[in-house]
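A.B. asks: Just so it is clear, I am handing over entry-v4.txt, which has compact mmCIF, N, CA and C atoms.
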```txt
# COMPACT_ATOMS: atom_id res chain seq x y z
N MET N 1 21.73 10.88 -15.63
CA MET N 1 20.41 10.29 -15.58
C MET N 1 19.98 10.18 -14.12
N SER N 2 18.74 10.55 -13.82
CA SER N 2 18.23 10.50 -12.46
C SER N 2 18.06 9.05 -12.00
N ALA N 3 17.94 8.89 -10.68
CA ALA N 3 17.72 7.54 -10.14
C ALA N 3 16.41 6.97 -10.67
N ALA N 4 15.39 7.83 -10.79
CA ALA N 4 14.10 7.35 -11.32
C ALA N 4 14.24 6.88 -12.75
N ALA N 5 14.99 7.63 -13.55
CA ALA N 5 15.18 7.24 -14.95
C ALA N 5 15.97 5.94 -15.03
N LYS N 6 16.98 5.79 -14.16
CA LYS N 6 17.76 4.55 -14.18
C LYS N 6 16.87 3.36 -13.84
N GLY N 7 15.92 3.55 -12.95
CA GLY N 7 15.01 2.48 -12.58
C GLY N 7 14.08 2.09 -13.72
N ARG N 8 13.94 2.98 -14.71
CA ARG N 8 13.04 2.72 -15.83
C ARG N 8 13.74 2.08 -17.01
N ASP N 9 15.05 1.87 -16.95
CA ASP N 9 15.75 1.43 -18.14
C ASP N 9 15.55 -0.05 -18.45
N ARG N 10 15.03 -0.83 -17.53
CA ARG N 10 14.73 -2.24 -17.79
C ARG N 10 13.37 -2.55 -17.19
N ARG N 11 12.54 -3.17 -17.99
CA ARG N 11 11.23 -3.55 -17.52
C ARG N 11 10.93 -4.95 -17.98
N SER N 12 10.03 -5.58 -17.27
CA SER N 12 9.58 -6.90 -17.66
C SER N 12 8.08 -6.83 -17.85
N LEU N 13 7.62 -7.15 -19.03
CA LEU N 13 6.19 -7.10 -19.34
C LEU N 13 5.71 -8.46 -19.80
N ASP N 14 4.45 -8.72 -19.54
CA ASP N 14 3.83 -9.90 -20.13
C ASP N 14 3.65 -9.61 -21.60
N GLU N 15 4.01 -10.54 -22.44
CA GLU N 15 3.92 -10.34 -23.88
C GLU N 15 2.50 -9.98 -24.28
N GLY N 16 2.36 -8.83 -24.98
CA GLY N 16 1.07 -8.38 -25.47
C GLY N 16 0.20 -7.70 -24.43
N SER N 17 0.74 -7.39 -23.25
CA SER N 17 -0.06 -6.82 -22.18
C SER N 17 0.29 -5.36 -21.94
N PRO N 18 -0.70 -4.44 -22.01
CA PRO N 18 -0.42 -3.05 -21.71
C PRO N 18 -0.64 -2.74 -20.23
N VAL N 19 -0.33 -3.66 -19.33
CA VAL N 19 -0.54 -3.44 -17.91
C VAL N 19 0.40 -2.34 -17.45
N SER N 20 -0.12 -1.43 -16.65
CA SER N 20 0.65 -0.29 -16.18
C SER N 20 1.66 -0.69 -15.12
N ASP N 21 2.63 0.21 -14.87
CA ASP N 21 3.59 0.00 -13.79
C ASP N 21 2.87 -0.10 -12.45
N ASP N 22 1.84 0.76 -12.23
CA ASP N 22 1.10 0.73 -10.97
C ASP N 22 0.45 -0.63 -10.75
N ALA N 23 -0.20 -1.16 -11.79
CA ALA N 23 -0.85 -2.46 -11.67
C ALA N 23 0.17 -3.55 -11.42
N ARG N 24 1.31 -3.48 -12.10
CA ARG N 24 2.35 -4.48 -11.93
C ARG N 24 2.89 -4.44 -10.50
N GLU N 25 3.09 -3.21 -9.95
CA GLU N 25 3.59 -3.09 -8.59
C GLU N 25 2.59 -3.64 -7.59
N GLN N 26 1.31 -3.58 -7.90
CA GLN N 26 0.28 -4.09 -7.01
C GLN N 26 0.01 -5.58 -7.24
N GLY N 27 0.82 -6.21 -8.10
CA GLY N 27 0.68 -7.64 -8.32
C GLY N 27 -0.50 -8.02 -9.20
N GLN N 28 -0.94 -7.09 -10.05
CA GLN N 28 -2.09 -7.36 -10.89
C GLN N 28 -1.71 -7.88 -12.27
N ASP N 29 -0.45 -8.22 -12.47
CA ASP N 29 -0.08 -8.77 -13.78
C ASP N 29 -0.42 -10.25 -13.81
N ARG N 30 -0.06 -10.92 -14.90
CA ARG N 30 -0.47 -12.31 -15.10
C ARG N 30 0.58 -13.32 -14.66
N GLY N 31 1.50 -12.92 -13.79
CA GLY N 31 2.52 -13.87 -13.35
C GLY N 31 3.68 -13.90 -14.30
N GLY N 32 4.52 -14.93 -14.21
CA GLY N 32 5.75 -15.00 -14.98
C GLY N 32 5.62 -15.59 -16.36
N ALA N 33 4.49 -16.17 -16.71
CA ALA N 33 4.34 -16.83 -18.00
C ALA N 33 4.36 -15.82 -19.13
N GLY N 34 5.18 -16.08 -20.15
CA GLY N 34 5.20 -15.23 -21.33
C GLY N 34 5.85 -13.88 -21.11
N ARG N 35 6.66 -13.72 -20.09
CA ARG N 35 7.26 -12.43 -19.78
C ARG N 35 8.42 -12.15 -20.72
N ILE N 36 8.53 -10.87 -21.11
CA ILE N 36 9.67 -10.43 -21.92
C ILE N 36 10.31 -9.23 -21.25
N GLU N 37 11.62 -9.11 -21.38
CA GLU N 37 12.33 -7.98 -20.80
C GLU N 37 12.30 -6.82 -21.79
N ILE N 38 11.98 -5.63 -21.29
CA ILE N 38 11.92 -4.43 -22.10
C ILE N 38 13.05 -3.50 -21.67
N LYS N 39 13.81 -2.99 -22.62
CA LYS N 39 14.89 -2.04 -22.32
C LYS N 39 14.45 -0.66 -22.79
N LEU N 40 14.74 0.34 -21.97
CA LEU N 40 14.42 1.72 -22.28
C LEU N 40 15.73 2.47 -22.51
N SER N 41 15.94 2.92 -23.73
CA SER N 41 17.19 3.60 -24.06
C SER N 41 17.30 4.93 -23.34
N ASP N 42 18.52 5.43 -23.19
CA ASP N 42 18.75 6.73 -22.57
C ASP N 42 18.02 7.83 -23.33
N GLU N 43 17.93 7.70 -24.65
CA GLU N 43 17.27 8.73 -25.46
C GLU N 43 15.79 8.83 -25.14
N LEU N 44 15.15 7.71 -24.79
CA LEU N 44 13.72 7.71 -24.50
C LEU N 44 13.40 7.91 -23.03
N ALA N 45 14.37 7.73 -22.15
CA ALA N 45 14.13 7.75 -20.71
C ALA N 45 13.52 9.07 -20.23
N GLY N 46 13.89 10.18 -20.86
CA GLY N 46 13.36 11.47 -20.45
C GLY N 46 12.00 11.79 -21.03
N GLY N 47 11.54 10.98 -21.98
CA GLY N 47 10.26 11.23 -22.62
C GLY N 47 10.34 12.39 -23.60
N VAL N 48 9.22 12.72 -24.21
CA VAL N 48 9.12 13.87 -25.11
C VAL N 48 7.90 14.69 -24.68
N TYR N 49 7.97 15.99 -24.90
CA TYR N 49 6.87 16.88 -24.54
C TYR N 49 5.82 16.89 -25.63
N ALA N 50 4.56 16.85 -25.24
CA ALA N 50 3.45 16.98 -26.18
C ALA N 50 2.30 17.68 -25.46
N ASN N 51 1.70 18.66 -26.13
CA ASN N 51 0.55 19.34 -25.56
C ASN N 51 -0.68 19.23 -26.47
N ASN N 52 -0.57 18.37 -27.48
CA ASN N 52 -1.67 18.14 -28.40
C ASN N 52 -1.46 16.79 -29.07
N MET N 53 -2.52 16.26 -29.66
CA MET N 53 -2.41 14.98 -30.35
C MET N 53 -3.41 14.96 -31.49
N VAL N 54 -3.01 14.37 -32.59
CA VAL N 54 -3.89 14.16 -33.74
C VAL N 54 -3.97 12.66 -33.97
N VAL N 55 -5.19 12.15 -34.12
CA VAL N 55 -5.40 10.73 -34.36
C VAL N 55 -5.95 10.55 -35.77
N SER N 56 -5.37 9.65 -36.52
CA SER N 56 -5.90 9.29 -37.83
C SER N 56 -5.90 7.77 -37.93
N HIS N 57 -6.60 7.24 -38.92
CA HIS N 57 -6.65 5.78 -39.03
C HIS N 57 -6.96 5.36 -40.45
N THR N 58 -6.55 4.14 -40.72
CA THR N 58 -6.96 3.41 -41.91
C THR N 58 -7.68 2.18 -41.40
N ARG N 59 -8.07 1.31 -42.28
CA ARG N 59 -8.73 0.07 -41.85
C ARG N 59 -7.77 -0.78 -41.01
N GLU N 60 -6.49 -0.73 -41.30
CA GLU N 60 -5.51 -1.61 -40.67
C GLU N 60 -4.80 -1.04 -39.46
N GLU N 61 -4.77 0.30 -39.30
CA GLU N 61 -3.96 0.86 -38.21
C GLU N 61 -4.45 2.24 -37.79
N PHE N 62 -4.10 2.59 -36.55
CA PHE N 62 -4.32 3.93 -36.01
C PHE N 62 -2.97 4.61 -35.91
N VAL N 63 -2.93 5.89 -36.22
CA VAL N 63 -1.71 6.68 -36.12
C VAL N 63 -1.97 7.79 -35.10
N LEU N 64 -1.16 7.82 -34.03
CA LEU N 64 -1.25 8.85 -33.00
C LEU N 64 -0.04 9.76 -33.16
N ASP N 65 -0.27 10.99 -33.58
CA ASP N 65 0.80 11.98 -33.69
C ASP N 65 0.73 12.89 -32.48
N PHE N 66 1.78 12.87 -31.67
CA PHE N 66 1.88 13.74 -30.50
C PHE N 66 2.61 14.99 -30.93
N LEU N 67 2.05 16.16 -30.57
CA LEU N 67 2.56 17.43 -31.06
C LEU N 67 2.98 18.34 -29.92
N ALA N 68 3.98 19.16 -30.18
CA ALA N 68 4.31 20.30 -29.32
C ALA N 68 3.92 21.52 -30.12
N VAL N 69 2.83 22.18 -29.71
CA VAL N 69 2.29 23.32 -30.43
C VAL N 69 2.57 24.58 -29.63
N PHE N 70 3.20 25.56 -30.27
CA PHE N 70 3.53 26.83 -29.64
C PHE N 70 2.98 27.94 -30.52
N HIS N 71 1.77 28.42 -30.18
CA HIS N 71 1.13 29.47 -30.97
C HIS N 71 1.90 30.75 -30.81
N PRO N 72 2.01 31.63 -31.79
CA PRO N 72 1.45 31.51 -33.13
C PRO N 72 2.42 30.88 -34.12
N LYS N 73 3.54 30.39 -33.63
CA LYS N 73 4.57 29.88 -34.54
C LYS N 73 4.26 28.53 -35.15
N GLY N 74 3.31 27.81 -34.62
CA GLY N 74 3.02 26.48 -35.15
C GLY N 74 3.48 25.41 -34.19
N GLY N 75 3.80 24.25 -34.74
CA GLY N 75 4.18 23.15 -33.88
C GLY N 75 4.99 22.11 -34.63
N VAL N 76 5.32 21.05 -33.91
CA VAL N 76 6.12 19.98 -34.46
C VAL N 76 5.62 18.65 -33.91
N VAL N 77 5.64 17.60 -34.73
CA VAL N 77 5.33 16.26 -34.25
C VAL N 77 6.53 15.78 -33.45
N THR N 78 6.31 15.49 -32.17
CA THR N 78 7.40 15.03 -31.31
C THR N 78 7.49 13.52 -31.24
N SER N 79 6.37 12.85 -31.57
CA SER N 79 6.37 11.40 -31.56
C SER N 79 5.19 10.90 -32.38
N ARG N 80 5.39 9.79 -33.07
CA ARG N 80 4.32 9.14 -33.83
C ARG N 80 4.26 7.69 -33.39
N VAL N 81 3.06 7.24 -33.04
CA VAL N 81 2.86 5.86 -32.61
C VAL N 81 1.82 5.25 -33.54
N VAL N 82 2.15 4.10 -34.11
CA VAL N 82 1.26 3.39 -35.02
C VAL N 82 0.83 2.09 -34.34
N LEU N 83 -0.49 1.88 -34.24
CA LEU N 83 -1.04 0.73 -33.52
C LEU N 83 -2.10 0.02 -34.35
N SER N 84 -2.21 -1.28 -34.15
CA SER N 84 -3.32 -2.02 -34.75
C SER N 84 -4.60 -1.65 -33.99
N PRO N 85 -5.77 -1.78 -34.62
CA PRO N 85 -7.02 -1.46 -33.91
C PRO N 85 -7.20 -2.26 -32.62
N GLY N 86 -6.85 -3.54 -32.64
CA GLY N 86 -6.99 -4.36 -31.44
C GLY N 86 -6.09 -3.90 -30.31
N HIS N 87 -4.86 -3.53 -30.63
CA HIS N 87 -3.95 -3.06 -29.59
C HIS N 87 -4.39 -1.69 -29.08
N LEU N 88 -4.86 -0.83 -29.98
CA LEU N 88 -5.35 0.48 -29.55
C LEU N 88 -6.47 0.32 -28.52
N LYS N 89 -7.34 -0.64 -28.73
CA LYS N 89 -8.44 -0.87 -27.78
C LYS N 89 -7.90 -1.24 -26.40
N ARG N 90 -6.85 -2.07 -26.35
CA ARG N 90 -6.23 -2.42 -25.06
C ARG N 90 -5.57 -1.20 -24.43
N VAL N 91 -4.93 -0.35 -25.25
CA VAL N 91 -4.30 0.86 -24.73
C VAL N 91 -5.35 1.80 -24.14
N VAL N 92 -6.46 1.98 -24.85
CA VAL N 92 -7.55 2.84 -24.35
C VAL N 92 -8.05 2.30 -23.02
N ARG N 93 -8.23 0.99 -22.92
CA ARG N 93 -8.68 0.40 -21.66
C ARG N 93 -7.66 0.65 -20.54
N ALA N 94 -6.38 0.44 -20.82
CA ALA N 94 -5.35 0.65 -19.81
C ALA N 94 -5.31 2.12 -19.37
N LEU N 95 -5.43 3.04 -20.31
CA LEU N 95 -5.45 4.47 -19.96
C LEU N 95 -6.68 4.81 -19.11
N SER N 96 -7.84 4.28 -19.48
CA SER N 96 -9.07 4.54 -18.73
C SER N 96 -8.96 4.01 -17.30
N GLU N 97 -8.42 2.80 -17.16
CA GLU N 97 -8.27 2.22 -15.82
C GLU N 97 -7.29 3.04 -14.98
N ASN N 98 -6.19 3.48 -15.59
CA ASN N 98 -5.21 4.27 -14.85
C ASN N 98 -5.76 5.64 -14.48
N LEU N 99 -6.53 6.27 -15.37
CA LEU N 99 -7.13 7.56 -15.06
C LEU N 99 -8.13 7.41 -13.92
N ALA N 100 -8.91 6.34 -13.91
CA ALA N 100 -9.86 6.11 -12.83
C ALA N 100 -9.14 5.95 -11.49
N ARG N 101 -8.04 5.20 -11.47
CA ARG N 101 -7.25 5.05 -10.23
C ARG N 101 -6.65 6.38 -9.80
N TYR N 102 -6.14 7.15 -10.76
CA TYR N 102 -5.55 8.46 -10.46
C TYR N 102 -6.60 9.37 -9.82
N GLU N 103 -7.81 9.42 -10.45
CA GLU N 103 -8.86 10.29 -9.93
C GLU N 103 -9.36 9.82 -8.57
N ALA N 104 -9.37 8.53 -8.34
CA ALA N 104 -9.77 8.02 -7.02
C ALA N 104 -8.80 8.48 -5.95
N GLN N 105 -7.54 8.60 -6.31
CA GLN N 105 -6.51 9.01 -5.34
C GLN N 105 -6.36 10.52 -5.24
N HIS N 106 -6.48 11.24 -6.38
CA HIS N 106 -6.15 12.66 -6.41
C HIS N 106 -7.32 13.58 -6.72
N GLY N 107 -8.48 13.05 -7.03
CA GLY N 107 -9.63 13.88 -7.37
C GLY N 107 -9.82 13.95 -8.88
N THR N 108 -10.98 14.47 -9.28
CA THR N 108 -11.35 14.53 -10.69
C THR N 108 -10.41 15.44 -11.47
N VAL N 109 -9.99 14.97 -12.62
CA VAL N 109 -9.15 15.76 -13.53
C VAL N 109 -10.07 16.52 -14.47
N GLN N 110 -9.86 17.83 -14.56
CA GLN N 110 -10.61 18.65 -15.50
C GLN N 110 -9.95 18.58 -16.87
N GLU N 111 -10.74 18.36 -17.91
CA GLU N 111 -10.19 18.28 -19.27
C GLU N 111 -9.60 19.64 -19.66
N ALA N 112 -8.40 19.61 -20.21
CA ALA N 112 -7.73 20.84 -20.64
C ALA N 112 -8.44 21.40 -21.86
N ALA N 113 -8.43 22.73 -21.97
CA ALA N 113 -9.03 23.37 -23.14
C ALA N 113 -8.22 23.02 -24.38
N SER N 114 -8.93 22.79 -25.47
CA SER N 114 -8.28 22.46 -26.73
C SER N 114 -7.81 23.75 -27.41
N PRO N 115 -6.58 23.75 -27.94
CA PRO N 115 -6.09 24.97 -28.59
C PRO N 115 -6.81 25.27 -29.90
N ASP N 116 -7.59 24.35 -30.42
CA ASP N 116 -8.27 24.60 -31.69
C ASP N 116 -9.79 24.66 -31.53
N GLY N 117 -10.25 25.10 -30.38
CA GLY N 117 -11.68 25.32 -30.18
C GLY N 117 -12.49 24.08 -29.86
N GLY N 118 -11.86 23.01 -29.41
CA GLY N 118 -12.60 21.84 -28.98
C GLY N 118 -12.81 20.79 -30.03
N LYS N 119 -12.23 20.93 -31.20
CA LYS N 119 -12.36 19.91 -32.23
C LYS N 119 -11.70 18.62 -31.79
N VAL N 120 -12.32 17.52 -32.12
CA VAL N 120 -11.71 16.22 -31.89
C VAL N 120 -11.16 15.76 -33.23
N HIS N 121 -9.89 15.41 -33.24
CA HIS N 121 -9.24 15.03 -34.51
C HIS N 121 -9.26 13.53 -34.68
```
In structure tokens, write the structure found in this file.

C.D. replies:
Amino acid sequence: MSAAAKGRDRRSLDEGSPVSDDAREQGQDRGGAGRIEIKLSDELAGGVYANNMVVSHTREEFVLDFLAVFHPKGGVVTSRVVLSPGHLKRVVRALSENLARYEAQHGTVQEAASPDGGKVH
């Protein structure tokens, strides 16, 4: 395991907060109240590859299926994440804030071409 991966095996998050590592390092979290320790297993430390995603929902939950698609052979779901609508909204906000910080530092990110002609799932 790399030194970076070893550094990721234990985290402390504010309960219910999707605050990013960058924000936490900059002291933008909510302090020590309600903090929980998060452990990252060796199996998850390396992450999984995904080059596509399908989103579906019911009234009670959103399902995010991350896919590794290799045309023309097809693809495989590499990870499935199920979220409540309220938590999904916080995740979208956290992603938007992080993308804005990334673009401020590195320049505008061009949206990748969709392998299925631009359909939004």

A.B. asks: Quick check, in Å to one decimal: how far apart do CA of Ser79 (chain N) and CA of Leu44 (chain N) lie?

C.D. replies: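 Separation of CA of Ser79 (chain N) and CA of Leu44 (chain N): 10.8 Å.
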
A.B. asks: Need to verify the contact set: Met53 (chain N), 6.5 Å, all atoms listed in the file, exclusion of same-chain residues closer than 6 positions in sequence. Can you return it as a list in words?

C.D. replies: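 Non-adjacent residues within range: Leu64, Asp65, Phe66 and Leu67 of chain N.
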
A.B. asks: Just to confirm, what's the straight-line distance from atom C of Phe62 (chain N) to CA of Glu103 (chain N) in Å (one decimal)?

C.D. replies: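 Result for atom C of Phe62 (chain N) versus CA of Glu103 (chain N): 27.2 Å, one decimal.
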
A.B. asks: Ranking N:Val48, N:Val109, N:Ile38, N:Val92 by minimum distance to Thr78 (chain N) and counting only C-alpha atoms, which one comes first?

C.D. replies: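 Of N:Val48, N:Val109, N:Ile38, N:Val92, the one nearest Thr78 (chain N) is N:Val48, counting only C-alpha atoms.
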
A.B. asks: Considering all atoms listed in the file, can you say which of N:Arg59, N:Ala45, N:Arg35, N:Glu111 comes closest to Pro85 (chain N)?

C.D. replies: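 The shortest atom-to-atom distance to Pro85 (chain N) comes from N:Arg59.
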
A.B. asks: If you run DSSP on this backbone, which residues of region 24-93 of chain N come out as alpha helix (DSSP H), and could you give them as JSON, numbers by chain?

C.D. replies: {"N": [24, 25, 42, 43, 44, 45, 85, 86, 87, 88, 89, 90, 91, 92, 93]}

A.B. asks: Given only N, CA and C atoms as the basis, pick out the residue of N:Val82, N:Ala104, N:Ala113, N:Leu40 nearest to Glu61 (chain N).

C.D. replies: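 Smallest distance to Glu61 (chain N) is found for N:Val82.
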
A.B. asks: Rounded to one decimal in Å, what is the spacing between atom C of Ser84 (chain N) and atom C of Glu60 (chain N)?

C.D. replies: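 Distance reported for this atom pair: 5.5 Å.
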
A.B. asks: Determine the axis-aligned bounding box of all atoms of region 45-55 of chain N present in the file, pad each side by 8 Å, and express its centre and edge lengths in Å to one decimal place as JSON.

C.D. replies:
```
{"center_x": 4.2, "center_y": 13.5, "center_z": -28.0, "size_x": 36.3, "size_y": 27.6, "size_z": 31.5}
```

A.B. asks: Between N:Ala94, N:Ala50, N:Leu99, N:Ile36, single out the one closest to Val69 (chain N), counting only C-alpha atoms.

C.D. replies: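 Smallest separation from Val69 (chain N) among the options: N:Ala50.
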
A.B. asks: Give the answer as one residue: which of N:His87, N:Thr58, N:Tyr102, N:Asn51 has the shortest atom-to-atom distance to His71 (chain N), using only C-alpha atoms?

C.D. replies: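 The answer is N:Asn51, which sits nearest to His71 (chain N).
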